[in-house]
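Next comes my_file-v5.cif, a file with mmCIF, C-alpha atoms.
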data_query
loop_
_atom_site.label_atom_id
_atom_site.label_comp_id
_atom_site.auth_asym_id
_atom_site.auth_seq_id
_atom_site.Cartn_x
_atom_site.Cartn_y
_atom_site.Cartn_z
CA MET A 1 0.00 0.00 0.00
CA THR A 2 1.37 3.35 -0.98
CA THR A 3 1.29 6.53 1.04
CA SER A 4 -1.41 7.99 -1.20
CA ASP A 5 -3.57 4.87 -0.64
CA ILE A 6 -3.21 5.25 3.14
CA ILE A 7 -4.13 8.94 2.94
CA ALA A 8 -7.17 8.14 0.72
CA THR A 9 -8.31 5.37 3.09
CA CYS A 10 -7.96 7.65 6.13
CA SER A 11 -9.86 10.41 4.31
CA LEU A 12 -12.65 7.99 3.49
CA LEU A 13 -12.78 6.82 7.12
CA VAL A 14 -12.95 10.44 8.38
CA ALA A 15 -15.74 11.21 5.87
CA VAL A 16 -17.77 8.16 6.95
CA LEU A 17 -17.32 9.03 10.65
CA ALA A 18 -18.34 12.64 9.94
CA PHE A 19 -21.46 11.41 8.13
CA VAL A 20 -22.39 9.10 11.05
CA ALA A 21 -21.82 11.91 13.59
CA THR A 22 -23.94 14.30 11.50
CA PHE A 23 -26.73 11.72 11.31
CA PHE A 24 -26.79 11.24 15.10
CA GLN A 25 -26.63 15.00 15.70
CA LEU A 26 -29.57 15.53 13.33
CA ARG A 27 -31.54 12.81 15.11
CA ALA A 28 -30.77 14.30 18.54
CA THR A 29 -31.84 17.77 17.32
CA HIS A 30 -35.09 16.35 15.95
CA GLN A 31 -35.84 14.61 19.29
CA HIS A 32 -35.05 17.83 21.19
CA ASN A 33 -37.40 19.82 18.96
CA LYS A 34 -40.18 17.29 19.50
CA LEU A 35 -39.82 17.64 23.25
CA SER A 36 -39.37 21.39 23.36
CA LEU A 37 -42.27 22.21 21.02
CA ARG A 38 -44.83 20.30 23.09
CA PRO A 39 -48.13 22.15 23.56
CA HIS A 40 -49.73 22.17 27.00
CA LEU A 41 -53.38 23.23 27.22
CA ASP A 42 -54.78 24.35 30.55
CA TRP A 43 -58.43 24.92 31.49
CA HIS A 44 -59.18 28.08 33.47
CA ILE A 45 -62.36 29.41 35.02
CA GLU A 46 -62.23 33.14 35.65
CA ARG A 47 -64.77 34.75 37.97
CA ARG A 48 -65.33 38.50 38.17
CA ALA A 49 -67.65 40.02 40.74
CA GLN A 50 -69.30 43.26 39.64
CA ASN A 51 -71.85 45.54 41.26
CA ASP A 52 -74.65 44.20 39.05
CA GLY A 53 -73.71 40.49 39.07
CA THR A 54 -70.95 37.96 38.41
CA THR A 55 -69.21 37.04 35.18
CA ILE A 56 -67.64 33.64 34.61
CA ALA A 57 -65.29 32.99 31.69
CA TYR A 58 -64.19 29.52 30.60
CA VAL A 59 -60.78 29.69 28.94
CA LEU A 60 -58.30 27.38 27.19
CA HIS A 61 -54.70 28.54 27.52
CA ASN A 62 -51.70 27.00 25.75
CA ASN A 63 -48.82 27.23 28.23
CA GLY A 64 -46.59 25.00 26.11
CA LEU A 65 -43.92 26.05 23.64
CA GLY A 66 -45.57 24.73 20.49
CA PRO A 67 -48.98 25.17 18.90
CA ALA A 68 -51.83 22.87 19.96
CA VAL A 69 -53.64 21.53 16.88
CA ILE A 70 -57.23 20.81 17.90
CA LYS A 71 -58.54 17.41 16.78
CA ASP A 72 -61.76 17.12 18.79
CA ARG A 73 -63.60 19.16 21.43
CA TYR A 74 -66.90 18.63 23.16
CA PHE A 75 -68.98 19.23 26.26
CA SER A 76 -70.30 16.44 28.45
CA ARG A 77 -72.84 16.19 31.21
CA GLY A 78 -72.88 13.28 33.61
CA GLY A 79 -70.13 11.60 31.58
CA VAL A 80 -72.20 11.64 28.37
CA ARG A 81 -71.03 13.60 25.33
CA PHE A 82 -73.41 16.42 24.42
CA HIS A 83 -74.79 16.51 20.87
CA PRO A 84 -76.64 19.77 20.08
CA PRO A 85 -80.02 19.78 18.37
CA ALA A 86 -79.95 20.45 14.63
CA ASP A 87 -81.47 23.93 15.02
CA ALA A 88 -78.95 25.08 17.69
CA SER A 89 -77.32 28.46 17.14
CA GLY A 90 -74.08 27.39 18.82
CA LEU A 91 -72.71 24.42 20.69
CA LEU A 92 -72.08 26.32 23.93
CA ALA A 93 -75.44 28.12 23.84
CA ALA A 94 -77.27 24.82 23.29
CA PHE A 95 -75.27 23.14 26.05
CA ILE A 96 -75.92 25.94 28.57
CA ASP A 97 -79.64 25.92 27.67
CA THR A 98 -79.70 22.18 28.33
CA VAL A 99 -77.81 22.47 31.62
CA LEU A 100 -79.43 25.59 33.10
CA GLY A 101 -82.60 25.86 31.03
CA THR A 102 -84.90 28.58 32.28
CA LYS A 103 -84.22 27.87 35.98
CA ILE A 104 -81.48 30.50 36.23
CA HIS A 105 -81.34 33.94 34.66
CA TYR A 106 -78.08 34.40 32.77
CA ARG A 107 -76.69 36.09 29.67
CA LEU A 108 -74.17 34.46 27.33
CA ASN A 109 -71.85 37.39 26.54
CA SER A 110 -69.55 35.47 24.21
CA GLN A 111 -69.10 31.96 22.93
CA GLY A 112 -66.71 30.18 20.66
CA LEU A 113 -64.89 26.95 20.12
CA PRO A 114 -61.58 26.37 18.38
CA GLY A 115 -62.24 24.64 15.09
CA VAL A 116 -61.11 21.13 14.34
CA ASP A 117 -57.60 21.27 12.79
CA SER A 118 -57.14 24.86 13.98
CA ALA A 119 -54.21 25.69 16.22
CA ILE A 120 -53.92 27.57 19.48
CA PRO A 121 -50.45 29.16 19.36
CA SER A 122 -47.93 28.99 22.16
CA GLN A 123 -49.07 31.27 25.00
CA GLY A 124 -52.38 31.66 23.13
CA ARG A 125 -55.65 32.06 24.99
CA PHE A 126 -59.07 31.04 23.71
CA VAL A 127 -62.28 32.06 25.51
CA ILE A 128 -64.79 29.22 25.16
CA GLY A 129 -67.58 31.22 26.75
CA GLU A 130 -68.40 34.08 29.05
CA LEU A 131 -71.58 33.97 31.13
CA PHE A 132 -73.04 36.85 33.11
CA PHE A 133 -75.33 36.14 36.06
CA PRO A 134 -77.16 39.37 36.98
CA SER A 135 -77.78 40.04 40.67
CA GLN A 136 -75.74 36.99 41.67
CA SER A 137 -72.70 37.03 43.97
CA THR A 138 -69.76 34.69 43.39
CA ASP A 139 -71.03 32.49 46.24
CA GLN A 140 -74.44 32.20 44.58
CA VAL A 141 -72.80 31.36 41.24
CA ALA A 142 -70.84 28.57 42.96
CA VAL A 143 -74.18 27.12 44.10
CA ILE A 144 -75.52 27.42 40.54
CA GLU A 145 -72.47 25.48 39.27
CA GLU A 146 -73.18 22.73 41.81
CA LEU A 147 -76.83 22.58 40.72
CA ALA A 148 -75.72 22.22 37.09
CA GLY A 149 -74.19 18.85 37.95
CA GLU A 150 -71.16 17.17 36.46
CA VAL A 151 -70.44 19.22 33.33
CA HIS A 152 -67.07 19.16 31.58
CA PHE A 153 -65.20 20.27 28.50
CA ASP A 154 -62.85 17.84 26.78
CA VAL A 155 -60.34 18.56 24.04
CA THR A 156 -58.03 16.26 22.10
CA TYR A 157 -55.08 18.01 20.49
CA GLU A 158 -51.76 17.27 18.80
CA SER A 159 -48.28 18.71 18.73
CA MET A 160 -46.66 19.77 15.45
CA TYR A 161 -45.08 16.32 15.37
CA GLY A 162 -48.43 14.50 15.59
CA LYS A 163 -48.29 13.33 19.23
CA SER A 164 -51.83 13.36 20.64
CA TYR A 165 -52.95 14.64 24.06
CA HIS A 166 -56.30 14.89 25.81
CA LEU A 167 -57.38 17.52 28.35
CA SER A 168 -60.50 17.25 30.44
CA SER A 169 -61.92 19.93 32.72
CA ALA A 170 -62.91 17.05 34.99
CA GLY A 171 -59.51 17.41 36.61
CA ARG A 172 -57.92 14.31 35.18
CA GLY A 173 -55.23 16.52 33.64
CA ILE A 174 -53.48 15.93 30.37
CA THR A 175 -53.08 12.39 29.18
CA SER A 176 -51.28 11.10 26.14
CA VAL A 177 -53.57 9.51 23.61
CA PRO A 178 -52.26 6.17 22.33
CA ALA A 179 -51.38 6.07 18.65
CA ILE A 180 -53.90 4.26 16.47
#
Hey, can you dump this file as C-alpha cells for me?
Amino acid sequence: MTTSDIIATCSLLVAVLAFVATFFQLRATHQHNKLSLRPHLDWHIERRAQNDGTTIAYVLHNNGLGPAVIKDRYFSRGGVRFHPPADASGLLAAFIDTVLGTKIHYRLNSQGLPGVDSAIPSQGRFVIGELFFPSQSTDQVAVIEELAGEVHFDVTYESMYGKSYHLSSAGRGITSVPAI
C-alpha cells in the first residue's frame, strides 16, 4: 500500500465518521425539537364580581412552547357527550340551555370553540364562553355550578409532530392519547 492509498483510506474513514456523527446530531436535534415544542393546554375558570352580578369565563390557555392543533372538542354532562339539536345556534349556547334551562337567569356574553384542525399558538388564549349572572354574587354562582351537575369540557389536540394529548376539565389533567 502506498502513502497515497493510506491517505485516501484515512480520508474515506474520516468522511464516513463525519457522516455518522452528523446523522446522530440531526436525530438528537429532531428529538429535542419534538420535546421542546410540546403544547400544553390548561383549562381556566375566571370569575369576576361586579356591582350588578358575576361574570364567569371559561378559557383554554396554551402554556406549552408549540402550537396545539385541535382534533376534537366537546362538552359532556354526567359523563355523556353532548350533541346539540340540529337547530342550535351554537354548541355552547345549546349546552348551557340544556344544563341551566330557564331555571337560572343568565346572559351568554360570548361563545366560541376552536375549530377542528385549527391551532392555538404557544401562549395563546381562547375564551370558550363568558356567562353573566345578573344580581348573583360569586357564592351564589358557585351554588348554581353545583346545581348544574357534572359538566365538563374535553379537548383532544396534537403537537406539530403528531403526538396526541387529551385535556378534560374534569380534573384528570393531560393524558397522552395512544397512537392508532
Test item: residues at most 9 Å from segment 94-109 of chain A, all atoms listed in the file, excluding those fewer than 2 positions along its chain, as an MDAnalysis selection string: chainID A and resid 75:77 82:85 88:92 111 129:134 144 147:149 151
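Counting from atom CA of Glu158 of chain A, the distance to atom CA of Gly112 of chain A is 19.8 Å.
When you apply the PyMOL selection byres ((chain A and resi 128) around 10) to this structure, what comes back is Trp43, Ala57, Tyr58, Val59, Leu60, Leu92, Ser110, Gln111, Gly112, Leu113, Pro114, Arg125, Phe126, Val127, Gly129, Glu130 and Phe153 of chain A.
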On this file, the PyMOL selection byres ((chain A and resi 116) around 10) gives some set of residues; write that set as an mmCIF file with C-alpha atoms, keeping the file's coordinate frame.
data_model
loop_
_atom_site.group_PDB
_atom_site.id
_atom_site.type_symbol
_atom_site.label_atom_id
_atom_site.label_comp_id
_atom_site.auth_asym_id
_atom_site.auth_seq_id
_atom_site.Cartn_x
_atom_site.Cartn_y
_atom_site.Cartn_z
ATOM 1 C CA VAL A 69 -53.640 21.530 16.880
ATOM 2 C CA ILE A 70 -57.230 20.810 17.900
ATOM 3 C CA LYS A 71 -58.540 17.410 16.780
ATOM 4 C CA ASP A 72 -61.760 17.120 18.790
ATOM 5 C CA ARG A 73 -63.600 19.160 21.430
ATOM 6 C CA LEU A 113 -64.890 26.950 20.120
ATOM 7 C CA PRO A 114 -61.580 26.370 18.380
ATOM 8 C CA GLY A 115 -62.240 24.640 15.090
ATOM 9 C CA ASP A 117 -57.600 21.270 12.790
ATOM 10 C CA SER A 118 -57.140 24.860 13.980
ATOM 11 C CA ALA A 119 -54.210 25.690 16.220
ATOM 12 C CA THR A 156 -58.030 16.260 22.100
ATOM 13 C CA TYR A 157 -55.080 18.010 20.490
#
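The space between atom CA of Ala170 of chain A and atom CA of Ser135 of chain A spans 28.0 Å.
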Would you save segment 78-168 of chain A to a file, keeping C-alpha atoms, as an mmCIF file, in the first residue's frame?
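New file selection39.cif:
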data_model
loop_
_atom_site.group_PDB
_atom_site.id
_atom_site.type_symbol
_atom_site.label_atom_id
_atom_site.label_comp_id
_atom_site.auth_asym_id
_atom_site.auth_seq_id
_atom_site.Cartn_x
_atom_site.Cartn_y
_atom_site.Cartn_z
ATOM 1 C CA GLY A 78 -72.879 13.277 33.615
ATOM 2 C CA GLY A 79 -70.127 11.603 31.584
ATOM 3 C CA VAL A 80 -72.196 11.644 28.372
ATOM 4 C CA ARG A 81 -71.031 13.603 25.332
ATOM 5 C CA PHE A 82 -73.407 16.422 24.422
ATOM 6 C CA HIS A 83 -74.791 16.515 20.873
ATOM 7 C CA PRO A 84 -76.645 19.769 20.085
ATOM 8 C CA PRO A 85 -80.019 19.776 18.366
ATOM 9 C CA ALA A 86 -79.955 20.450 14.631
ATOM 10 C CA ASP A 87 -81.465 23.927 15.020
ATOM 11 C CA ALA A 88 -78.948 25.077 17.689
ATOM 12 C CA SER A 89 -77.315 28.459 17.136
ATOM 13 C CA GLY A 90 -74.081 27.393 18.819
ATOM 14 C CA LEU A 91 -72.715 24.418 20.688
ATOM 15 C CA LEU A 92 -72.081 26.316 23.928
ATOM 16 C CA ALA A 93 -75.443 28.118 23.843
ATOM 17 C CA ALA A 94 -77.270 24.815 23.290
ATOM 18 C CA PHE A 95 -75.267 23.145 26.049
ATOM 19 C CA ILE A 96 -75.924 25.943 28.569
ATOM 20 C CA ASP A 97 -79.641 25.916 27.666
ATOM 21 C CA THR A 98 -79.703 22.176 28.333
ATOM 22 C CA VAL A 99 -77.810 22.472 31.624
ATOM 23 C CA LEU A 100 -79.430 25.593 33.099
ATOM 24 C CA GLY A 101 -82.595 25.862 31.028
ATOM 25 C CA THR A 102 -84.904 28.582 32.280
ATOM 26 C CA LYS A 103 -84.225 27.875 35.977
ATOM 27 C CA ILE A 104 -81.482 30.498 36.227
ATOM 28 C CA HIS A 105 -81.342 33.944 34.661
ATOM 29 C CA TYR A 106 -78.084 34.404 32.768
ATOM 30 C CA ARG A 107 -76.693 36.089 29.666
ATOM 31 C CA LEU A 108 -74.173 34.460 27.330
ATOM 32 C CA ASN A 109 -71.855 37.392 26.544
ATOM 33 C CA SER A 110 -69.550 35.468 24.213
ATOM 34 C CA GLN A 111 -69.102 31.965 22.934
ATOM 35 C CA GLY A 112 -66.713 30.179 20.657
ATOM 36 C CA LEU A 113 -64.888 26.949 20.115
ATOM 37 C CA PRO A 114 -61.575 26.375 18.384
ATOM 38 C CA GLY A 115 -62.245 24.643 15.086
ATOM 39 C CA VAL A 116 -61.107 21.130 14.336
ATOM 40 C CA ASP A 117 -57.600 21.267 12.793
ATOM 41 C CA SER A 118 -57.142 24.859 13.976
ATOM 42 C CA ALA A 119 -54.211 25.693 16.225
ATOM 43 C CA ILE A 120 -53.917 27.572 19.484
ATOM 44 C CA PRO A 121 -50.447 29.157 19.359
ATOM 45 C CA SER A 122 -47.934 28.991 22.156
ATOM 46 C CA GLN A 123 -49.071 31.268 24.995
ATOM 47 C CA GLY A 124 -52.378 31.659 23.130
ATOM 48 C CA ARG A 125 -55.648 32.062 24.986
ATOM 49 C CA PHE A 126 -59.073 31.040 23.711
ATOM 50 C CA VAL A 127 -62.281 32.059 25.509
ATOM 51 C CA ILE A 128 -64.794 29.224 25.160
ATOM 52 C CA GLY A 129 -67.584 31.225 26.750
ATOM 53 C CA GLU A 130 -68.397 34.084 29.049
ATOM 54 C CA LEU A 131 -71.583 33.965 31.134
ATOM 55 C CA PHE A 132 -73.045 36.849 33.114
ATOM 56 C CA PHE A 133 -75.326 36.138 36.060
ATOM 57 C CA PRO A 134 -77.156 39.369 36.979
ATOM 58 C CA SER A 135 -77.783 40.044 40.665
ATOM 59 C CA GLN A 136 -75.736 36.987 41.672
ATOM 60 C CA SER A 137 -72.702 37.026 43.967
ATOM 61 C CA THR A 138 -69.759 34.686 43.389
ATOM 62 C CA ASP A 139 -71.031 32.485 46.239
ATOM 63 C CA GLN A 140 -74.443 32.197 44.584
ATOM 64 C CA VAL A 141 -72.797 31.361 41.243
ATOM 65 C CA ALA A 142 -70.837 28.566 42.960
ATOM 66 C CA VAL A 143 -74.178 27.115 44.104
ATOM 67 C CA ILE A 144 -75.517 27.416 40.538
ATOM 68 C CA GLU A 145 -72.475 25.479 39.267
ATOM 69 C CA GLU A 146 -73.179 22.727 41.812
ATOM 70 C CA LEU A 147 -76.831 22.576 40.720
ATOM 71 C CA ALA A 148 -75.719 22.218 37.086
ATOM 72 C CA GLY A 149 -74.190 18.851 37.947
ATOM 73 C CA GLU A 150 -71.160 17.173 36.456
ATOM 74 C CA VAL A 151 -70.439 19.225 33.334
ATOM 75 C CA HIS A 152 -67.072 19.163 31.578
ATOM 76 C CA PHE A 153 -65.198 20.274 28.505
ATOM 77 C CA ASP A 154 -62.849 17.839 26.777
ATOM 78 C CA VAL A 155 -60.341 18.560 24.044
ATOM 79 C CA THR A 156 -58.032 16.262 22.102
ATOM 80 C CA TYR A 157 -55.083 18.010 20.485
ATOM 81 C CA GLU A 158 -51.763 17.271 18.796
ATOM 82 C CA SER A 159 -48.284 18.708 18.731
ATOM 83 C CA MET A 160 -46.663 19.770 15.446
ATOM 84 C CA TYR A 161 -45.078 16.317 15.369
ATOM 85 C CA GLY A 162 -48.430 14.496 15.588
ATOM 86 C CA LYS A 163 -48.288 13.334 19.232
ATOM 87 C CA SER A 164 -51.830 13.364 20.640
ATOM 88 C CA TYR A 165 -52.953 14.636 24.056
ATOM 89 C CA HIS A 166 -56.302 14.886 25.814
ATOM 90 C CA LEU A 167 -57.379 17.524 28.346
ATOM 91 C CA SER A 168 -60.501 17.247 30.442
#
